[in-house]
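Visitor: To start, I am sharing the structure in question, which I have written as structure tokens.
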Amino acid sequence: MDNIPDEGYYEPLAISLMALIDKNDYRDYFLAKGWQTFIGIKPTKKINSSLIFTNEKHFSLRAIENYSLFSREKSFRKNPPIDEGDLRAIGVEIRYGDEPVPLNIIPRDAIDIIIEHSSQKIFKSDFDYSHIRVSIDYNLNTFGQSLLFPASMKIKVIGGIGIGTLPHQRMFIADSRASGYAPFGVLKAAGIKEFGGDRLVLINLEHNFRSLPFLAFNTPFLYRNNIELIASGSLAQTWIGKISTSSGWYYEVGLGISRIFDILRADFTYRFKEPKRMYFTICLASIY
């Protein structure tokens with residue numbers, strides 16, 4: 001069982017718990033039969049690359065289970081049908097920078113590039129496309145350099161483009177909140193799988209003011225407990241060909257309170273695209 005690729009913000013255990021408790025399975029699944037082989041090269045801690053060949057037959061997969069501990073009156077989202085057939089492709093994955101950390105609790109600086117090419121002529125595949133995805137993570141300190149944890153800015157940019165005809169199982173999807181949980185990098189006020197296509201641009205920004213605003217406004221309870229104030233914003237757009245599948249640019253802005261009980265973060269985020277409204281989400285706080 002495979003799934004339409006995402007950025008991996010939600011681990012399988014978290015997805016299982018959301019399904020059991022909230023009847024919300026974040027991923028879209030399909031059946032893949034076949035094999036992959038790869039060669040990995042890691043010359044330094046900062047550089048990691050792989051050359052991958054895939055030979056699989058893909059089938060649509062319907063949802064076969066409707067059990068959960070709660071919300072039993074609801075139904076799980078249906079798995080969307082995929083483009084079935086033999087997929088033979090060669091791919092390259094390159095990372096320069098820090099390795100990803102589970103649950104995104106430690107910021108990292110990195111560039112991740114994924115390229116996959118499938119050819120009917122060369123590989124006798126049923127699909128003919130090139131799939132290119134680039135993800136950039138960057139962090140910088142802004143002010144308060146004398147502090148142990150100075151104010152900082154997080155930037156994440158994701159871009160994807162498909163050349164040729166992408167099968168549905170290789171489309172780009174903008175990641176979003178799930179069951180009220182929304183780590184940095186997802187759209188906190190968008191619905192699950194709300195935006196997708198064969199091209200994607202997604203930009204996430206957030207500025208952590210640390211406890212400086214609470215110190216300036218003389219609120220000892222907050223700054224003595226290292227509570228942090230975070231301003232965030234995101235914009236995204238997806239296309240199929242030249243047609244925007246997100247009806248233009250999607251925008252959202254929000255404010256967050258972090259280091260609640262040292263481990264939690266809560267955000268209030270407003271989306272400017274209909275339905276316009278405020279959303280409340282939580283996630284784990286970054287360690288620094």
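Identifiers in the structure tokens: chain A, B, ... in order shown; residue index from 1 per chain; ligand index from 1 in order shown.
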Fewer than 3 positions away in the same chain doesn't count, so skip those; otherwise give me all residues within 7 Å of Phe280 in chain A, counting only C-alpha atoms, as a list in words.
Guide: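 Those residues are Gly180, Asp267, Phe268 and Thr269 of chain A.
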Visitor: For Asp137 in chain A, please output as a PDB file with N, CA, C and O atoms, in the first residue's frame all residues within 6 Å (counting only C-alpha atoms; exclusion window: fewer than 6 positions along the same chain).
Guide:
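selection07.pdb was written with the following content:
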ATOM      1  N   ASP A 109      18.340  23.932   8.301  1.00  0.00           N
ATOM      2  CA  ASP A 109      18.640  24.614   7.049  1.00  0.00           C
ATOM      3  C   ASP A 109      18.984  23.544   6.024  1.00  0.00           C
ATOM      4  O   ASP A 109      19.928  22.761   6.224  1.00  0.00           O
ATOM      5  N   ALA A 110      18.217  23.498   4.926  1.00  0.00           N
ATOM      6  CA  ALA A 110      18.448  22.430   3.958  1.00  0.00           C
ATOM      7  C   ALA A 110      17.764  22.742   2.641  1.00  0.00           C
ATOM      8  O   ALA A 110      16.793  23.513   2.585  1.00  0.00           O
ATOM      9  N   ILE A 155      11.832  30.295   7.343  1.00  0.00           N
ATOM     10  CA  ILE A 155      11.343  30.402   5.967  1.00  0.00           C
ATOM     11  C   ILE A 155      11.321  29.008   5.357  1.00  0.00           C
ATOM     12  O   ILE A 155      12.308  28.263   5.451  1.00  0.00           O
ATOM     13  N   LYS A 156      10.204  28.653   4.758  1.00  0.00           N
ATOM     14  CA  LYS A 156      10.119  27.380   4.032  1.00  0.00           C
ATOM     15  C   LYS A 156       9.434  27.642   2.696  1.00  0.00           C
ATOM     16  O   LYS A 156       8.343  28.223   2.655  1.00  0.00           O
TER      17      LYS A 156
END
Visitor: Just want the 8 Å neighbourhood of range 80-89 of chain A, counted on only C-alpha atoms, with same-chain residues fewer than 6 positions away dropped. Output as a ChimeraX atom specification.
Guide: /A:28,30,53-61,116-119,123-127,167-169
Visitor: Which polymer residues have any atom within 12 Å of an atom of Ser258 in chain A, counting only C-alpha atoms, with same-chain residues fewer than 5 positions away left out, as an NGL selection string?
Guide: :A and (105 or 183 or 207-211 or 222-223 or 225-231 or 263-268 or 281-288)
Visitor: With only C-alpha atoms as the basis for distance, which of A:Arg95, A:Lys273, A:Arg199, A:Arg133 is at the shortest distance from Thr44 in chain A?
Guide: A:Arg95
Visitor: Using only C-alpha atoms, which of the listed residues (A:Arg62, A:Arg259, A:Arg108, A:His131) sits closest to Ile90 in chain A?
Guide: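 Using only C-alpha atoms, Ile90 in chain A sits closest to A:His131.
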Visitor: Among range 101-143 of chain A, which ones does DSSP assign to strand (DSSP E or B) (computed from the backbone)? Answer as a ChimeraX atom specification.
Guide: /A:110-118,129-143
Visitor: May I have the residues within 9 Å of Phe195 in chain A as a list in words, using only C-alpha atoms and disregarding those fewer than 6 positions away in the same chain?
Guide: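 Surrounding residues, per the criterion: Phe172, Ile173, Ala174, Asp175, Ala236, Gln237, Thr238, Trp239, Thr245 and Ser246 of chain A.
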Visitor: Using only C-alpha atoms, please write the residues we just selected to a file, as an mmCIF file, in the first residue's frame.
Guide:
data_model
loop_
_atom_site.group_PDB
_atom_site.id
_atom_site.type_symbol
_atom_site.label_atom_id
_atom_site.label_comp_id
_atom_site.auth_asym_id
_atom_site.auth_seq_id
_atom_site.Cartn_x
_atom_site.Cartn_y
_atom_site.Cartn_z
ATOM 1 C CA PHE A 172 1.559 17.919 -5.890
ATOM 2 C CA ILE A 173 -0.601 18.493 -2.808
ATOM 3 C CA ALA A 174 -0.353 21.442 -0.406
ATOM 4 C CA ASP A 175 -0.093 19.994 3.106
ATOM 5 C CA ALA A 236 0.091 29.008 -1.857
ATOM 6 C CA GLN A 237 -1.206 28.309 -5.325
ATOM 7 C CA THR A 238 -1.650 25.140 -7.374
ATOM 8 C CA TRP A 239 -2.294 24.675 -11.085
ATOM 9 C CA THR A 245 -6.911 24.899 -9.079
ATOM 10 C CA SER A 246 -6.788 27.127 -5.980
#
Visitor: I'd like a table as JSON lines: residues in range 176-197 of chain A with an atom no more than 9 Å from range 7-18 of chain A, each row giving the shortest atom pair and its distance in Å to one decimal, only C-alpha atoms counted, sorted by chain and rising residue number.
Guide:
{"residue": "A:Ala178", "atom": "CA", "partner": "A:Met18", "partner_atom": "CA", "distance": 8.0}
{"residue": "A:Ser179", "atom": "CA", "partner": "A:Met18", "partner_atom": "CA", "distance": 6.6}
{"residue": "A:Ala182", "atom": "CA", "partner": "A:Tyr9", "partner_atom": "CA", "distance": 8.7}
{"residue": "A:Pro183", "atom": "CA", "partner": "A:Tyr9", "partner_atom": "CA", "distance": 7.2}
{"residue": "A:Phe184", "atom": "CA", "partner": "A:Tyr9", "partner_atom": "CA", "distance": 8.8}
{"residue": "A:Gly185", "atom": "CA", "partner": "A:Tyr9", "partner_atom": "CA", "distance": 8.1}
{"residue": "A:Val186", "atom": "CA", "partner": "A:Tyr9", "partner_atom": "CA", "distance": 8.1}
Visitor: With C-alpha atoms retained, could you export that selection as a PDB file, in the first residue's frame?
Guide:
ATOM      1  CA  ALA A 178      -5.140  17.613  10.351  1.00  0.00           C
ATOM      2  CA  SER A 179      -7.496  17.133  13.308  1.00  0.00           C
ATOM      3  CA  ALA A 182      -0.593  21.956  12.403  1.00  0.00           C
ATOM      4  CA  PRO A 183       3.224  22.011  12.527  1.00  0.00           C
ATOM      5  CA  PHE A 184       5.289  24.653  10.727  1.00  0.00           C
ATOM      6  CA  GLY A 185       5.214  24.088   6.972  1.00  0.00           C
ATOM      7  CA  VAL A 186       1.517  23.255   6.544  1.00  0.00           C
TER       8      VAL A 186
END
